[in-house]
$ cat run_0.json   # JSON, C-alpha atoms
[["chain", "number", "residue", "atom", "x", "y", "z"],
["A", 788, "MET", "CA", -79.39, -33.80, -90.16],
["A", 789, "GLY", "CA", -75.64, -33.23, -89.87],
["A", 790, "ASN", "CA", -74.96, -36.94, -89.46],
["A", 791, "ARG", "CA", -77.06, -37.78, -92.52],
["A", 792, "CYS", "CA", -75.19, -35.21, -94.57],
["A", 793, "CYS", "CA", -71.84, -36.40, -93.11],
["A", 794, "CYS", "CA", -71.27, -32.96, -91.61],
["A", 795, "ILE", "CA", -70.35, -32.30, -87.99],
["A", 796, "GLN", "CA", -70.02, -29.15, -85.94],
["A", 797, "VAL", "CA", -67.09, -28.55, -83.61],
["A", 798, "ASN", "CA", -67.88, -25.97, -80.94],
["A", 799, "ARG", "CA", -65.67, -23.16, -79.76],
["A", 800, "SER", "CA", -62.79, -24.10, -77.39],
["A", 801, "THR", "CA", -63.17, -27.68, -78.56],
["A", 802, "VAL", "CA", -61.37, -29.89, -81.07],
["A", 803, "ALA", "CA", -62.32, -33.22, -82.62],
["A", 804, "VAL", "CA", -60.07, -36.08, -83.65],
["A", 805, "LYS", "CA", -60.98, -37.64, -87.02],
["A", 806, "GLU", "CA", -60.06, -41.18, -87.96],
["A", 807, "ARG", "CA", -60.19, -43.15, -91.19],
["A", 808, "PHE", "CA", -60.62, -46.88, -90.87],
["A", 809, "GLY", "CA", -59.41, -46.69, -87.22],
["A", 810, "LYS", "CA", -56.27, -44.70, -88.04],
["A", 811, "PHE", "CA", -55.67, -41.11, -86.93],
["A", 812, "ASP", "CA", -56.32, -38.69, -89.78],
["A", 813, "GLU", "CA", -56.42, -35.11, -88.53],
["A", 814, "VAL", "CA", -57.57, -32.71, -85.80],
["A", 815, "LEU", "CA", -60.70, -30.74, -86.58],
["A", 816, "GLN", "CA", -60.80, -27.17, -85.31],
["A", 817, "PRO", "CA", -64.02, -25.34, -84.31],
["A", 818, "GLY", "CA", -66.45, -25.02, -87.21],
["A", 819, "CYS", "CA", -68.34, -27.24, -89.66],
["A", 820, "HIS", "CA", -66.54, -30.22, -91.20],
["A", 821, "PHE", "CA", -67.39, -32.85, -93.80],
["A", 822, "VAL", "CA", -66.85, -36.39, -92.52],
["A", 823, "PRO", "CA", -68.08, -38.93, -95.08],
["A", 824, "ARG", "CA", -68.74, -42.14, -93.17],
["A", 825, "ILE", "CA", -69.07, -44.05, -96.43],
["A", 826, "LEU", "CA", -65.38, -43.45, -97.03],
["A", 827, "GLY", "CA", -64.39, -44.80, -93.61],
["A", 828, "TYR", "CA", -64.14, -41.50, -91.74],
["A", 829, "LYS", "CA", -65.44, -41.09, -88.21],
["A", 830, "ILE", "CA", -64.89, -38.94, -85.10],
["A", 831, "ALA", "CA", -62.80, -40.65, -82.42],
["A", 832, "GLY", "CA", -63.74, -38.06, -79.78],
["A", 833, "HIS", "CA", -64.10, -34.44, -78.80],
["A", 834, "LEU", "CA", -61.73, -32.67, -76.45],
["A", 835, "SER", "CA", -62.26, -29.38, -74.63],
["A", 836, "LEU", "CA", -59.32, -26.95, -74.62],
["A", 837, "ARG", "CA", -60.52, -25.26, -71.44],
["A", 838, "SER", "CA", -58.60, -25.49, -68.18],
["A", 839, "TYR", "CA", -59.83, -27.89, -65.51],
["A", 840, "GLN", "CA", -59.11, -28.02, -61.81],
["A", 841, "LEU", "CA", -58.53, -31.22, -59.88],
["A", 842, "ASP", "CA", -58.33, -31.24, -56.04],
["A", 843, "VAL", "CA", -56.23, -34.03, -54.58],
["A", 844, "LYS", "CA", -56.18, -35.06, -50.91],
["A", 845, "CYS", "CA", -53.23, -37.13, -49.75],
["A", 846, "GLU", "CA", -52.40, -38.55, -46.30],
["A", 847, "THR", "CA", -48.72, -39.11, -45.57],
["A", 848, "LYS", "CA", -46.14, -38.59, -42.83],
["A", 849, "THR", "CA", -43.23, -36.24, -42.39],
["A", 850, "LYS", "CA", -39.60, -36.98, -41.63],
["A", 851, "GLY", "CA", -40.46, -36.73, -37.91],
["A", 852, "ASN", "CA", -43.20, -39.39, -38.25],
["A", 853, "VAL", "CA", -46.04, -36.87, -37.93],
["A", 854, "PHE", "CA", -49.05, -37.83, -40.02],
["A", 855, "VAL", "CA", -50.47, -35.01, -42.14],
["A", 856, "THR", "CA", -53.17, -34.56, -44.74],
["A", 857, "VAL", "CA", -52.02, -32.56, -47.76],
["A", 858, "ILE", "CA", -54.57, -30.87, -50.02],
["A", 859, "ALA", "CA", -53.31, -29.97, -53.50],
["A", 860, "SER", "CA", -55.00, -28.30, -56.45],
["A", 861, "VAL", "CA", -53.94, -29.05, -60.03],
["A", 862, "GLN", "CA", -55.02, -26.98, -63.03],
["A", 863, "TYR", "CA", -54.57, -28.72, -66.38],
["A", 864, "ARG", "CA", -55.74, -28.60, -69.98],
["A", 865, "VAL", "CA", -55.32, -30.47, -73.24],
["A", 866, "VAL", "CA", -52.41, -29.35, -75.40],
["A", 867, "ALA", "CA", -53.95, -27.70, -78.45],
["A", 868, "ASP", "CA", -51.14, -28.92, -80.75],
["A", 869, "LYS", "CA", -51.39, -32.58, -79.66],
["A", 870, "PRO", "CA", -54.98, -33.44, -78.76],
["A", 871, "GLU", "CA", -54.58, -36.85, -80.37],
["A", 872, "ASP", "CA", -52.12, -37.84, -77.60],
["A", 873, "ALA", "CA", -54.78, -37.14, -74.97],
["A", 874, "ILE", "CA", -57.23, -39.31, -76.92],
["A", 875, "TYR", "CA", -54.98, -42.30, -77.57],
["A", 876, "LYS", "CA", -52.55, -42.24, -74.59],
["A", 877, "LEU", "CA", -54.78, -41.39, -71.64],
["A", 878, "SER", "CA", -57.59, -43.71, -70.69],
["A", 879, "ASN", "CA", -58.50, -41.87, -67.48],
["A", 880, "PRO", "CA", -56.59, -38.59, -67.13],
["A", 881, "ILE", "CA", -58.11, -37.65, -63.76],
["A", 882, "ASN", "CA", -57.00, -40.83, -61.98],
["A", 883, "GLN", "CA", -53.58, -40.73, -63.63],
["A", 884, "ILE", "CA", -52.99, -37.10, -62.61],
["A", 885, "ARG", "CA", -54.13, -37.89, -59.07],
["A", 886, "ALA", "CA", -51.73, -40.84, -58.84],
["A", 887, "TYR", "CA", -48.74, -38.76, -59.98],
["A", 888, "VAL", "CA", -49.63, -35.92, -57.58],
["A", 889, "ILE", "CA", -49.88, -38.27, -54.58],
["A", 890, "GLY", "CA", -46.57, -39.89, -55.45],
["A", 891, "ALA", "CA", -44.79, -36.54, -55.75],
["A", 892, "ILE", "CA", -46.29, -35.25, -52.46],
["A", 893, "VAL", "CA", -45.29, -38.37, -50.52],
["A", 894, "ALA", "CA", -41.74, -38.15, -51.87],
["A", 895, "SER", "CA", -41.41, -34.45, -50.97],
["A", 896, "ILE", "CA", -43.09, -34.45, -47.53],
["A", 897, "GLY", "CA", -41.19, -37.55, -46.43],
["A", 898, "LYS", "CA", -37.91, -35.59, -46.59],
["A", 899, "MET", "CA", -39.09, -32.69, -44.38],
["A", 900, "ASP", "CA", -40.08, -32.06, -40.79],
["A", 901, "LEU", "CA", -43.49, -30.58, -40.06],
["A", 902, "ASP", "CA", -42.27, -26.99, -39.61],
["A", 903, "GLU", "CA", -40.12, -27.26, -42.73],
["A", 904, "ALA", "CA", -43.10, -28.54, -44.72],
["A", 905, "PHE", "CA", -45.15, -25.49, -43.75],
["A", 906, "GLU", "CA", -42.29, -23.15, -44.60],
["A", 907, "LYS", "CA", -41.62, -24.77, -48.00],
["A", 908, "MET", "CA", -45.15, -25.20, -49.35],
["A", 909, "ASN", "CA", -44.20, -23.28, -52.50],
["A", 910, "GLU", "CA", -41.17, -25.51, -53.06],
["A", 911, "ILE", "CA", -43.34, -28.60, -52.65],
["A", 912, "SER", "CA", -45.79, -27.18, -55.19],
["A", 913, "GLU", "CA", -42.98, -26.56, -57.66],
["A", 914, "ALA", "CA", -41.55, -30.05, -57.17],
["A", 915, "VAL", "CA", -44.96, -31.65, -57.76],
["A", 916, "GLU", "CA", -45.58, -29.45, -60.78],
["A", 917, "ASP", "CA", -42.20, -30.23, -62.36],
["A", 918, "GLU", "CA", -42.59, -33.97, -61.98],
["A", 919, "LEU", "CA", -46.19, -33.93, -63.14],
["A", 920, "ALA", "CA", -45.61, -31.61, -66.10],
["A", 921, "GLN", "CA", -42.98, -33.82, -67.71],
["A", 922, "VAL", "CA", -45.14, -36.91, -67.57],
["A", 923, "MET", "CA", -48.44, -35.34, -68.60],
["A", 924, "LEU", "CA", -46.97, -33.29, -71.43],
["A", 925, "ALA", "CA", -45.93, -36.50, -73.15],
["A", 926, "ASN", "CA", -49.55, -37.65, -72.86],
["A", 927, "GLY", "CA", -51.06, -34.54, -74.42],
["A", 928, "CYS", "CA", -51.98, -32.65, -71.23],
["A", 929, "GLU", "CA", -50.44, -29.41, -70.01],
["A", 930, "ILE", "CA", -50.16, -28.66, -66.30],
["A", 931, "VAL", "CA", -51.02, -24.99, -65.88],
["A", 932, "LYS", "CA", -50.45, -24.65, -62.13],
["A", 933, "THR", "CA", -50.05, -26.86, -59.08],
["A", 934, "LEU", "CA", -50.69, -25.46, -55.61],
["A", 935, "ILE", "CA", -50.39, -26.98, -52.14],
["A", 936, "ILE", "CA", -53.45, -25.43, -50.52],
["A", 937, "ASN", "CA", -53.10, -26.74, -46.99],
["A", 938, "ILE", "CA", -51.17, -29.14, -44.75],
["A", 939, "ILE", "CA", -53.27, -30.47, -41.86],
["A", 940, "PRO", "CA", -51.54, -32.40, -39.04],
["A", 941, "ASP", "CA", -53.46, -35.01, -37.06],
["A", 942, "GLU", "CA", -55.30, -33.95, -33.90],
["A", 943, "ARG", "CA", -52.62, -35.05, -31.43],
["A", 944, "ALA", "CA", -49.91, -33.19, -33.32],
["A", 945, "LYS", "CA", -52.09, -30.07, -33.55],
["A", 946, "GLN", "CA", -52.72, -30.12, -29.79],
["A", 947, "ALA", "CA", -49.01, -30.55, -29.02],
["A", 948, "ILE", "CA", -48.12, -27.70, -31.37],
["A", 949, "SER", "CA", -50.73, -25.42, -29.78],
["A", 950, "GLU", "CA", -49.40, -26.11, -26.26],
["A", 951, "LEU", "CA", -45.81, -25.52, -27.38],
["A", 952, "ASN", "CA", -46.71, -22.24, -29.09],
["A", 953, "ALA", "CA", -48.56, -21.06, -25.96],
["A", 954, "GLU", "CA", -45.48, -21.75, -23.80],
["A", 955, "ILE", "CA", -43.21, -19.96, -26.28],
["A", 956, "ARG", "CA", -45.48, -16.90, -26.36],
["A", 957, "LEU", "CA", -45.60, -16.78, -22.55],
["A", 958, "TYR", "CA", -41.82, -17.00, -22.37],
["A", 959, "LEU", "CA", -41.40, -14.19, -24.89],
["A", 960, "VAL", "CA", -43.90, -11.96, -23.08],
["A", 961, "LEU", "CA", -42.13, -12.42, -19.73],
["A", 962, "LYS", "CA", -38.74, -11.89, -21.34],
["A", 963, "ILE", "CA", -39.83, -8.64, -22.99],
["A", 964, "TYR", "CA", -41.53, -7.43, -19.77],
["A", 965, "PHE", "CA", -38.48, -7.94, -17.60],
["A", 966, "LYS", "CA", -36.20, -6.49, -20.26],
["A", 967, "VAL", "CA", -38.25, -3.30, -20.61],
["A", 968, "TYR", "CA", -39.24, -2.60, -17.00],
["A", 969, "PHE", "CA", -36.18, -3.76, -15.08],
["A", 970, "ASP", "CA", -32.62, -2.54, -15.40],
["A", 971, "ARG", "CA", -29.60, -3.76, -13.41],
["A", 972, "ARG", "CA", -30.39, -1.61, -10.35],
["A", 973, "SER", "CA", -33.96, -2.78, -10.41],
["A", 974, "TYR", "CA", -32.77, -6.38, -10.43],
["A", 975, "LEU", "CA", -30.63, -5.73, -7.33],
["A", 976, "SER", "CA", -33.50, -3.95, -5.57],
["A", 977, "LEU", "CA", -35.81, -6.82, -6.43],
["A", 978, "LEU", "CA", -33.32, -9.32, -5.00],
["A", 979, "LYS", "CA", -32.99, -7.29, -1.77],
["A", 980, "VAL", "CA", -36.75, -7.15, -1.36],
["A", 981, "LEU", "CA", -37.03, -10.89, -1.95],
["A", 982, "PHE", "CA", -34.21, -11.52, 0.59],
["A", 983, "LEU", "CA", -35.90, -9.38, 3.26],
["A", 984, "PHE", "CA", -39.23, -11.04, 2.57],
["A", 985, "TRP", "CA", -37.84, -14.54, 3.02],
["A", 986, "THR", "CA", -35.92, -13.40, 6.15],
["A", 987, "VAL", "CA", -39.18, -12.22, 7.71],
["A", 988, "VAL", "CA", -40.91, -15.43, 6.71],
["A", 989, "ALA", "CA", -38.07, -17.49, 8.24],
["A", 990, "ALA", "CA", -38.29, -15.49, 11.51],
["A", 991, "ILE", "CA", -42.03, -15.97, 11.70],
["A", 992, "LEU", "CA", -41.69, -19.69, 11.13],
["A", 993, "SER", "CA", -38.90, -19.91, 13.74],
["A", 994, "GLY", "CA", -41.03, -18.07, 16.33],
["A", 995, "MET", "CA", -43.96, -20.32, 15.64],
["A", 996, "GLY", "CA", -41.69, -23.35, 16.19],
["A", 997, "THR", "CA", -40.35, -22.00, 19.50],
["A", 998, "ALA", "CA", -43.83, -21.17, 20.74],
["A", 999, "ASN", "CA", -45.05, -24.63, 19.85],
["A", 1000, "GLN", "CA", -42.05, -26.12, 21.68],
["A", 1001, "HIS", "CA", -42.73, -24.12, 24.87],
["A", 1002, "GLN", "CA", -46.39, -25.02, 24.70],
["A", 1003, "ALA", "CA", -45.46, -28.67, 24.44],
["A", 1004, "VAL", "CA", -43.21, -28.37, 27.57],
["A", 1005, "VAL", "CA", -45.99, -26.71, 29.52],
["A", 1006, "ASP", "CA", -48.50, -29.35, 28.47],
["A", 1007, "ALA", "CA", -46.10, -32.14, 29.47],
["A", 1008, "LEU", "CA", -45.41, -30.51, 32.83],
["A", 1009, "ARG", "CA", -49.11, -30.09, 33.53],
["A", 1010, "ASN", "CA", -49.83, -33.68, 32.65],
["A", 1011, "GLY", "CA", -46.92, -34.81, 34.88],
["A", 1012, "VAL", "CA", -48.19, -32.81, 37.85],
["A", 1013, "ILE", "CA", -51.68, -34.21, 37.48],
["A", 1014, "GLY", "CA", -50.41, -37.79, 37.18],
["A", 1015, "PHE", "CA", -48.00, -37.46, 40.16],
["A", 1016, "SER", "CA", -50.65, -35.97, 42.43],
["A", 1017, "GLU", "CA", -53.03, -38.78, 41.56],
["A", 1018, "SER", "CA", -50.41, -41.51, 42.20],
["A", 1019, "VAL", "CA", -49.07, -39.98, 45.51],
["A", 1020, "PRO", "CA", -51.98, -38.94, 47.76],
["A", 1021, "GLY", "CA", -51.48, -35.87, 49.94],
["A", 1022, "THR", "CA", -48.94, -34.23, 47.62],
["A", 1023, "THR", "CA", -49.57, -30.54, 46.91],
["A", 1024, "VAL", "CA", -48.89, -28.70, 43.67],
["A", 1025, "LYS", "CA", -46.16, -26.65, 45.41],
["A", 1026, "ASP", "CA", -44.30, -29.84, 46.37],
["A", 1027, "ILE", "CA", -44.42, -31.07, 42.82],
["A", 1028, "MET", "CA", -43.21, -27.74, 41.37],
["A", 1029, "ASP", "CA", -40.33, -27.59, 43.88],
["A", 1030, "MET", "CA", -39.27, -31.06, 42.84],
["A", 1031, "ALA", "CA", -39.45, -30.14, 39.13],
["A", 1032, "LEU", "CA", -37.40, -26.97, 39.62],
["A", 1033, "THR", "CA", -34.81, -28.90, 41.66],
["A", 1034, "THR", "CA", -34.56, -31.49, 38.88],
["A", 1035, "GLN", "CA", -34.05, -28.80, 36.21],
["A", 1036, "TYR", "CA", -31.47, -27.05, 38.46],
["A", 1037, "LEU", "CA", -29.46, -30.25, 38.80],
["A", 1038, "ASP", "CA", -29.66, -30.87, 35.02],
["A", 1039, "SER", "CA", -28.40, -27.35, 34.33],
["A", 1040, "ILE", "CA", -25.43, -27.80, 36.73],
["A", 1041, "LYS", "CA", -24.61, -31.07, 35.06],
["A", 1042, "GLU", "CA", -24.54, -29.43, 31.58]]
$ encode --input "run_0.json" --output "structure tokens"
Amino acid sequence: MGNRCCCIQVNRSTVAVKERFGKFDEVLQPGCHFVPRILGYKIAGHLSLRSYQLDVKCETKTKGNVFVTVIASVQYRVVADKPEDAIYKLSNPINQIRAYVIGAIVASIGKMDLDEAFEKMNEISEAVEDELAQVMLANGCEIVKTLIINIIPDERAKQAISELNAEIRLYLVLKIYFKVYFDRRSYLSLLKVLFLFWTVVAAILSGMGTANQHQAVVDALRNGVIGFSESVPGTTVKDIMDMALTTQYLDSIKE
């Protein structure tokens, strides 16, 4: 009925762009408007003035060649004073905003190391927002807020970071423990205890070596006695022992 009567209704938080013979005429605010088609008037399109949110996921690498996935959120809306720019200048605002966001993220992350990127997430958000706002404002869209929600390193980088953090925490715990529970005297006492412990260990090892050496001499002597008695029939053990003692006596005199 409204089309037949050349009347249209513009809903709340919405504007309509009216043309006459293909040329921009005016912006229609919410309410009822007379648009006589017979005179060449028509509606080029409706635009919502509400804010929209666009989530962008971008994969790039840092200055240290660590690949990361950056998730950004962009809130935007049509400029109420220039809705005609959004109609005539933007063919696909979502894809254009996404392209600008990815370009700004790649340029910012590429200048930072991984730790620096985590520390400066707010600065990255501001840099993306500044670059995006200037471009989109000229096209009839206003960037309300840009946020870097998360920076996700690849699995190998995450594993390496976890292992490094575990080693750092262990080092700090040991450092704090020794600093709290040991003073200078305690350090000296600990060193004395360690010195005595290793002295005892060295003595035990030395005794074990001497005992093994004596056991080896006894085994060799026994084997020699058995072999000599078998090769020279009629020889007694006493004869063999006397000969061995005489040999050792002569070796001692020689030394």
$ closest_atom_pairs --input "run_0.json" --of "stretch 798-845 of chain A" --to "stretch 930-933 of chain A" --cutoff "10 Å" --atoms "all atoms listed in the file" --output "Markdown table"
| residue | atom | partner | partner_atom | distance |
| --- | --- | --- | --- | --- |
| A:Ser838 | CA | A:Val931 | CA | 7.9 |
| A:Tyr839 | CA | A:Val931 | CA | 9.3 |
| A:Gln840 | CA | A:Lys932 | CA | 9.3 |
| A:Leu841 | CA | A:Thr933 | CA | 9.6 |
| A:Asp842 | CA | A:Thr933 | CA | 9.8 |
$ closest_residue --input "run_0.json" --among "A:Val855, A:Ile991, A:Leu815, A:Ile1040" --to "A:Glu942" --atoms "only C-alpha atoms"
A:Val855
$ atom_distance --input "run_0.json" --atom1 "atom CA of A:Leu834" --atom2 "atom CA of A:Val797"
9.8 Å
$ residues_around --input "run_0.json" --residues "stretch 916-922 of chain A" --least-positions-apart "6" --cutoff "12 Å" --atoms "all atoms listed in the file" --output "ChimeraX atom specification"
/A:859-864,866,876-877,880,883-892,894-895,909-910,928-935
$ atom_distance --input "run_0.json" --atom1 "atom CA of A:Asn926" --atom2 "atom CA of A:Ile830"
19.7 Å
$ closest_residue --input "run_0.json" --among "A:Ala873, A:Val857, A:Arg837, A:Tyr828" --to "A:Phe905" --atoms "all atoms listed in the file"
A:Val857
$ atom_distance --input "run_0.json" --atom1 "atom CA of A:Cys794" --atom2 "atom CA of A:Cys819"
6.7 Å
$ residues_around --input "run_0.json" --residues "A:Ala867" --least-positions-apart "4" --cutoff "9 Å" --atoms "only C-alpha atoms" --output "PyMOL selection string"
chain A and resi 802+836+927-928
$ write_last_selection --input "run_0.json" --atoms "C-alpha atoms" --output "PDB file, keeping the file's coordinate frame"
ATOM      1  CA  VAL A 802     -61.370 -29.890 -81.070  1.00  0.00           C
ATOM      2  CA  LEU A 836     -59.320 -26.950 -74.620  1.00  0.00           C
ATOM      3  CA  GLY A 927     -51.060 -34.540 -74.420  1.00  0.00           C
ATOM      4  CA  CYS A 928     -51.980 -32.650 -71.230  1.00  0.00           C
TER       5      CYS A 928
END
$ axis_aligned_box --input "run_0.json" --around "stretch 872-889 of chain A" --padding-each-side "4 Å" --output "lines of an AutoDock Vina configuration file"
center_x = -53.6
center_y = -39.8
center_z = -66.1
size_x = 17.8
size_y = 15.8
size_z = 31.0
$ residues_near_point --input "run_0.json" --point "(-62.2, -47.1, -98.1)" --cutoff "9 Å" --atoms "all atoms listed in the file" --output "JSON, numbers by chain"
{"A": [807, 808, 825, 826, 827, 828]}
